[in-house]
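Structure file protein34.cif (mmCIF, C-alpha atoms; chains and numbers go by the auth columns) follows.
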data_coords
loop_
_atom_site.group_PDB
_atom_site.id
_atom_site.type_symbol
_atom_site.label_atom_id
_atom_site.label_comp_id
_atom_site.label_asym_id
_atom_site.label_seq_id
_atom_site.Cartn_x
_atom_site.Cartn_y
_atom_site.Cartn_z
_atom_site.B_iso_or_equiv
_atom_site.auth_seq_id
_atom_site.auth_asym_id
ATOM 1 C CA MET A 1 5.200 8.820 -9.503 0.00 4 A
ATOM 2 C CA THR A 2 2.828 9.733 -12.261 0.00 5 A
ATOM 3 C CA SER A 3 0.263 7.387 -13.729 0.00 6 A
ATOM 4 C CA ASN A 4 2.296 6.824 -16.921 0.00 7 A
ATOM 5 C CA ALA A 5 4.379 4.014 -15.472 0.00 8 A
ATOM 6 C CA GLU A 6 6.868 2.209 -17.661 0.00 9 A
ATOM 7 C CA LEU A 7 5.772 -1.186 -16.303 0.00 10 A
ATOM 8 C CA SER A 8 2.443 -2.175 -14.817 0.00 11 A
ATOM 9 C CA PHE A 9 1.631 -5.617 -13.419 0.00 12 A
ATOM 10 C CA ARG A 10 -1.680 -6.879 -12.067 0.00 13 A
ATOM 11 C CA ILE A 11 -2.399 -10.131 -10.371 0.00 14 A
ATOM 12 C CA LEU A 12 -4.229 -12.770 -12.432 0.00 15 A
ATOM 13 C CA GLY A 13 -4.892 -10.641 -15.509 0.00 16 A
ATOM 14 C CA ALA A 14 -7.927 -10.105 -17.711 0.00 17 A
ATOM 15 C CA SER A 15 -9.400 -13.593 -17.287 0.00 18 A
ATOM 16 C CA ALA A 16 -9.809 -12.978 -13.538 0.00 19 A
ATOM 17 C CA ARG A 17 -11.584 -9.693 -14.215 0.00 20 A
ATOM 18 C CA TRP A 18 -13.999 -11.437 -16.599 0.00 21 A
ATOM 19 C CA ALA A 19 -14.626 -14.250 -14.117 0.00 22 A
ATOM 20 C CA THR A 20 -15.322 -11.700 -11.378 0.00 23 A
ATOM 21 C CA ALA A 21 -17.732 -9.797 -13.619 0.00 24 A
ATOM 22 C CA LEU A 22 -19.565 -13.014 -14.532 0.00 25 A
ATOM 23 C CA ALA A 23 -19.796 -14.031 -10.865 0.00 26 A
ATOM 24 C CA ALA A 24 -21.278 -10.606 -10.060 0.00 27 A
ATOM 25 C CA LEU A 25 -23.857 -11.027 -12.850 0.00 28 A
ATOM 26 C CA ALA A 26 -24.716 -14.516 -11.574 0.00 29 A
ATOM 27 C CA ALA A 27 -25.187 -13.117 -8.045 0.00 30 A
ATOM 28 C CA ILE A 28 -27.487 -10.413 -9.408 0.00 31 A
ATOM 29 C CA GLY A 29 -29.432 -12.984 -11.449 0.00 32 A
ATOM 30 C CA ALA A 30 -29.843 -15.307 -8.468 0.00 33 A
ATOM 31 C CA GLY A 31 -30.964 -12.374 -6.335 0.00 34 A
ATOM 32 C CA GLY A 32 -33.474 -11.378 -9.019 0.00 35 A
ATOM 33 C CA ALA A 33 -34.823 -14.920 -9.190 0.00 36 A
ATOM 34 C CA ALA A 34 -35.235 -14.968 -5.413 0.00 37 A
ATOM 35 C CA GLY A 35 -37.013 -11.613 -5.524 0.00 38 A
ATOM 36 C CA LEU A 36 -39.475 -12.830 -8.156 0.00 39 A
ATOM 37 C CA GLY A 37 -40.609 -15.619 -5.862 0.00 40 A
ATOM 38 C CA VAL A 38 -39.659 -18.567 -8.059 0.00 41 A
ATOM 39 C CA PRO A 39 -40.075 -22.015 -6.497 0.00 42 A
ATOM 40 C CA GLY A 40 -37.225 -22.673 -4.067 0.00 43 A
ATOM 41 C CA HIS A 41 -36.508 -18.956 -3.697 0.00 44 A
ATOM 42 C CA ASP A 42 -34.803 -19.594 -0.324 0.00 45 A
ATOM 43 C CA GLN A 43 -32.071 -21.505 -2.125 0.00 46 A
ATOM 44 C CA TRP A 44 -31.674 -18.666 -4.631 0.00 47 A
ATOM 45 C CA VAL A 45 -31.167 -16.189 -1.768 0.00 48 A
ATOM 46 C CA GLY A 46 -28.371 -18.356 -0.347 0.00 49 A
ATOM 47 C CA CYS A 47 -26.794 -18.816 -3.759 0.00 50 A
ATOM 48 C CA SER A 48 -26.913 -15.081 -4.418 0.00 51 A
ATOM 49 C CA SER A 49 -25.344 -14.307 -1.044 0.00 52 A
ATOM 50 C CA VAL A 50 -22.475 -16.761 -1.526 0.00 53 A
ATOM 51 C CA LEU A 51 -21.751 -15.520 -5.062 0.00 54 A
ATOM 52 C CA ALA A 52 -21.860 -11.865 -3.963 0.00 55 A
ATOM 53 C CA ALA A 53 -19.507 -12.495 -1.027 0.00 56 A
ATOM 54 C CA GLY A 54 -17.083 -14.427 -3.244 0.00 57 A
ATOM 55 C CA THR A 55 -17.146 -11.694 -5.857 0.00 58 A
ATOM 56 C CA LEU A 56 -16.377 -8.972 -3.320 0.00 59 A
ATOM 57 C CA ILE A 57 -13.548 -10.941 -1.719 0.00 60 A
ATOM 58 C CA THR A 58 -12.002 -11.613 -5.126 0.00 61 A
ATOM 59 C CA ALA A 59 -12.371 -8.022 -6.250 0.00 62 A
ATOM 60 C CA PHE A 60 -10.788 -6.524 -3.141 0.00 63 A
ATOM 61 C CA GLY A 61 -8.218 -9.239 -2.543 0.00 64 A
ATOM 62 C CA PHE A 62 -6.850 -9.991 -5.973 0.00 65 A
ATOM 63 C CA LEU A 63 -7.875 -7.405 -8.496 0.00 66 A
ATOM 64 C CA GLY A 64 -6.739 -4.490 -6.340 0.00 67 A
ATOM 65 C CA ARG A 65 -3.160 -5.725 -6.132 0.00 68 A
ATOM 66 C CA ARG A 66 -0.820 -4.206 -8.648 0.00 69 A
ATOM 67 C CA LEU A 67 2.690 -2.878 -9.141 0.00 70 A
ATOM 68 C CA GLU A 68 3.858 0.037 -11.267 0.00 71 A
ATOM 69 C CA ALA A 69 7.477 0.828 -12.056 0.00 72 A
ATOM 70 C CA GLY A 70 8.605 4.145 -13.461 0.00 73 A
ATOM 71 C CA GLN A 71 11.363 6.709 -13.259 0.00 74 A
ATOM 72 C CA ASP A 72 10.699 7.545 -9.592 0.00 75 A
ATOM 73 C CA GLY A 73 10.644 3.945 -8.381 0.00 76 A
ATOM 74 C CA LEU A 74 8.050 1.351 -7.520 0.00 77 A
ATOM 75 C CA ARG A 75 4.499 2.046 -6.547 0.00 78 A
ATOM 76 C CA TYR A 76 2.541 -0.984 -5.417 0.00 79 A
ATOM 77 C CA ARG A 77 -0.940 -1.509 -4.144 0.00 80 A
ATOM 78 C CA THR A 78 -1.955 -4.093 -1.634 0.00 81 A
ATOM 79 C CA VAL A 79 -5.568 -4.618 -0.646 0.00 82 A
ATOM 80 C CA LEU A 80 -6.311 -1.192 0.808 0.00 83 A
ATOM 81 C CA ARG A 81 -3.513 1.268 0.108 0.00 84 A
ATOM 82 C CA TRP A 82 -0.622 2.314 -2.110 0.00 85 A
ATOM 83 C CA HIS A 83 3.021 1.940 -1.048 0.00 86 A
ATOM 84 C CA ARG A 84 6.121 3.416 -2.616 0.00 87 A
ATOM 85 C CA LEU A 85 9.797 2.418 -2.912 0.00 88 A
ATOM 86 C CA GLU A 86 12.419 4.565 -4.607 0.00 89 A
ATOM 87 C CA TRP A 87 15.007 2.910 -6.818 0.00 90 A
ATOM 88 C CA ASN A 88 17.895 3.994 -4.577 0.00 91 A
ATOM 89 C CA GLU A 89 16.320 2.109 -1.635 0.00 92 A
ATOM 90 C CA ILE A 90 16.272 -1.215 -3.511 0.00 93 A
ATOM 91 C CA ASP A 91 19.378 -3.380 -3.521 0.00 94 A
ATOM 92 C CA ARG A 92 18.046 -6.292 -5.590 0.00 95 A
ATOM 93 C CA PHE A 93 15.006 -8.395 -6.455 0.00 96 A
ATOM 94 C CA GLU A 94 14.796 -12.045 -5.475 0.00 97 A
ATOM 95 C CA ASP A 95 12.354 -14.628 -6.714 0.00 98 A
ATOM 96 C CA LEU A 96 11.203 -17.120 -4.116 0.00 99 A
ATOM 97 C CA ARG A 97 9.215 -20.313 -4.207 0.00 100 A
ATOM 98 C CA VAL A 98 6.515 -20.244 -1.558 0.00 101 A
ATOM 99 C CA GLN A 99 4.658 -23.271 -0.251 0.00 102 A
ATOM 100 C CA PRO A 100 0.902 -22.789 -0.742 0.00 103 A
ATOM 101 C CA GLY A 101 -1.303 -22.508 2.337 0.00 104 A
ATOM 102 C CA ASP A 102 -3.166 -25.682 1.413 0.00 105 A
ATOM 103 C CA ARG A 103 -0.957 -28.677 2.254 0.00 106 A
ATOM 104 C CA ARG A 104 -2.822 -30.871 -0.265 0.00 107 A
ATOM 105 C CA LEU A 105 -1.309 -28.875 -3.138 0.00 108 A
ATOM 106 C CA SER A 106 2.111 -30.051 -4.238 0.00 109 A
ATOM 107 C CA THR A 107 3.020 -27.038 -6.406 0.00 110 A
ATOM 108 C CA HIS A 108 4.846 -23.945 -5.231 0.00 111 A
ATOM 109 C CA ASN A 109 3.914 -20.342 -5.925 0.00 112 A
ATOM 110 C CA LEU A 110 6.470 -17.832 -7.191 0.00 113 A
ATOM 111 C CA ARG A 111 6.823 -14.472 -5.421 0.00 114 A
ATOM 112 C CA VAL A 112 9.158 -11.471 -5.677 0.00 115 A
ATOM 113 C CA VAL A 113 10.915 -9.861 -2.736 0.00 116 A
ATOM 114 C CA ALA A 114 12.621 -6.475 -2.956 0.00 117 A
ATOM 115 C CA LYS A 115 15.724 -6.561 -0.753 0.00 118 A
ATOM 116 C CA LEU A 116 16.490 -3.061 0.501 0.00 119 A
ATOM 117 C CA HIS A 117 19.899 -1.557 1.343 0.00 120 A
ATOM 118 C CA SER A 118 18.729 -1.339 4.972 0.00 121 A
ATOM 119 C CA GLY A 119 18.465 -5.142 5.088 0.00 122 A
ATOM 120 C CA GLU A 120 14.666 -5.200 5.069 0.00 123 A
ATOM 121 C CA ALA A 121 12.709 -7.409 2.706 0.00 124 A
ATOM 122 C CA VAL A 122 9.514 -6.122 1.088 0.00 125 A
ATOM 123 C CA TRP A 123 7.175 -8.735 -0.415 0.00 126 A
ATOM 124 C CA LEU A 124 5.709 -7.335 -3.616 0.00 127 A
ATOM 125 C CA PRO A 125 2.125 -8.261 -4.493 0.00 128 A
ATOM 126 C CA VAL A 126 2.989 -8.963 -8.145 0.00 129 A
ATOM 127 C CA PRO A 127 4.512 -10.599 -10.120 0.00 130 A
ATOM 128 C CA TYR A 128 2.910 -13.636 -8.501 0.00 131 A
ATOM 129 C CA ALA A 129 2.420 -16.946 -10.211 0.00 132 A
ATOM 130 C CA GLY A 130 1.586 -20.546 -9.668 0.00 133 A
ATOM 131 C CA SER A 131 3.905 -23.090 -11.238 0.00 134 A
ATOM 132 C CA VAL A 132 1.780 -23.082 -14.418 0.00 135 A
ATOM 133 C CA ASP A 133 2.553 -19.409 -15.073 0.00 136 A
ATOM 134 C CA ALA A 134 6.304 -19.647 -14.484 0.00 137 A
ATOM 135 C CA PHE A 135 7.262 -18.375 -17.957 0.00 138 A
ATOM 136 C CA SER A 136 5.228 -15.158 -17.709 0.00 139 A
ATOM 137 C CA PHE A 137 6.541 -14.700 -14.158 0.00 140 A
ATOM 138 C CA GLU A 138 10.137 -14.878 -15.402 0.00 141 A
ATOM 139 C CA ASP A 139 9.393 -12.329 -18.153 0.00 142 A
ATOM 140 C CA GLN A 140 7.843 -9.914 -15.653 0.00 143 A
ATOM 141 C CA LEU A 141 10.726 -10.335 -13.214 0.00 144 A
ATOM 142 C CA ARG A 142 13.255 -9.769 -16.003 0.00 145 A
ATOM 143 C CA ALA A 143 11.460 -6.522 -16.996 0.00 146 A
ATOM 144 C CA LEU A 144 11.396 -5.380 -13.356 0.00 147 A
ATOM 145 C CA ARG A 145 15.126 -6.028 -12.943 0.00 148 A
ATOM 146 C CA ALA A 146 15.849 -4.159 -16.198 0.00 149 A
ATOM 147 C CA ALA A 147 13.884 -1.119 -14.980 0.00 150 A
ATOM 148 C CA HIS A 148 15.789 -1.215 -11.679 0.00 151 A
ATOM 149 C CA HIS A 149 19.114 -1.361 -13.510 0.00 152 A
ATOM 150 C CA HIS A 150 18.071 1.481 -15.835 0.00 153 A
ATOM 151 C CA TYR A 151 16.820 3.897 -13.144 0.00 154 A
ATOM 152 C CA ARG A 152 19.149 3.047 -10.256 0.00 155 A
ATOM 153 C CA PRO A 153 21.328 6.034 -9.337 0.00 156 A
ATOM 154 C CA GLY A 154 24.912 5.744 -10.525 0.00 157 A
ATOM 155 C CA THR A 155 24.060 3.526 -13.487 0.00 158 A
ATOM 156 C CA PRO A 156 25.227 4.816 -16.882 0.00 159 A
#
Write-out of the structure in structure tokens:
Amino acid sequence: MTSNAELSFRILGASARWATALAALAAIGAGGAAGLGVPGHDQWVGCSSVLAAGTLITAFGFLGRRLEAGQDGLRYRTVLRWHRLEWNEIDRFEDLRVQPGDRRLSTHNLRVVAKLHSGEAVWLPVPYAGSVDAFSFEDQLRALRAAHHHYRPGTP
């Protein structure tokens, strides 16, 4: 598939990218303060380390996940690599409510599963939403289903 995909979804959106950039700047600032020998510089080193680790985990874990849909099918990226599904492999898309890993949270997350003709289920990294983002999730899922209907072989 070429890079001019008809649809492109990323997890969390622009606000997450800005928050990650600000966290990286804060880590650099805390590291600079520790390097200048300000009073309590040991605490600044710890703060810088925690912010840097959090920034890297966020960048690799969330910002790298994306899905592109085009004429050739789906191309989706998980943390480390790209995967590909052709339209003729996909039977349908299902939206599922998933219990969060933290039992203290009472809300469910919304995920999309591509059900294949072979019977396999492929969990797609996006669209993904908490219950707050349910409306944008539904819009993205509707667009994904429309692209599948448009490009599926045998569809007029």
Spell out the residues picked by the PyMOL selection byres ((chain A and resi 71) around 8) here, as an MDAnalysis selection string.
-> chainID A and resid 8:12 69:70 72:73 77:79
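CA of Arg155 (chain A) lies 9.1 Å from CA of Gln74 (chain A).
Each of A:Leu88, A:Leu54, A:Leu127, A:Leu119 was compared to Arg68 (chain A) using only C-alpha atoms, and A:Leu127 turns out to be the nearest.
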Using the chain letters and residue numbers of this document, give as a VMD selection string the residues selected by the PyMOL selection byres ((chain A and resi 26-39) around 9).
-> chain A and resid 21 to 25 40 to 55 57 to 59
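Atom pair CA of Val116 (chain A) / CA of Glu97 (chain A): separated by 5.2 Å.
Taking CA of Pro128 (chain A) and CA of Thr61 (chain A) as the two end points, the separation is 14.5 Å.
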Can you list, as a list in words, every protein, DNA or RNA residue that comes within 8 Å of Leu99 (chain A) when you count only C-alpha atoms, leaving out same-chain residues fewer than 5 positions away?
-> Leu113, Arg114, Val115 and Val116 of chain A
Would you mind telling me which residue in A:Arg80, A:Ser121, A:Phe140, A:Asp75 lies nearest to Asp94 (chain A) when using only C-alpha atoms?
-> A:Ser121
Translate the PyMOL selection byres ((chain A and resi 152) around 12), as applied to the file shown, into an explicit residue set as a count of residues only.
-> 24
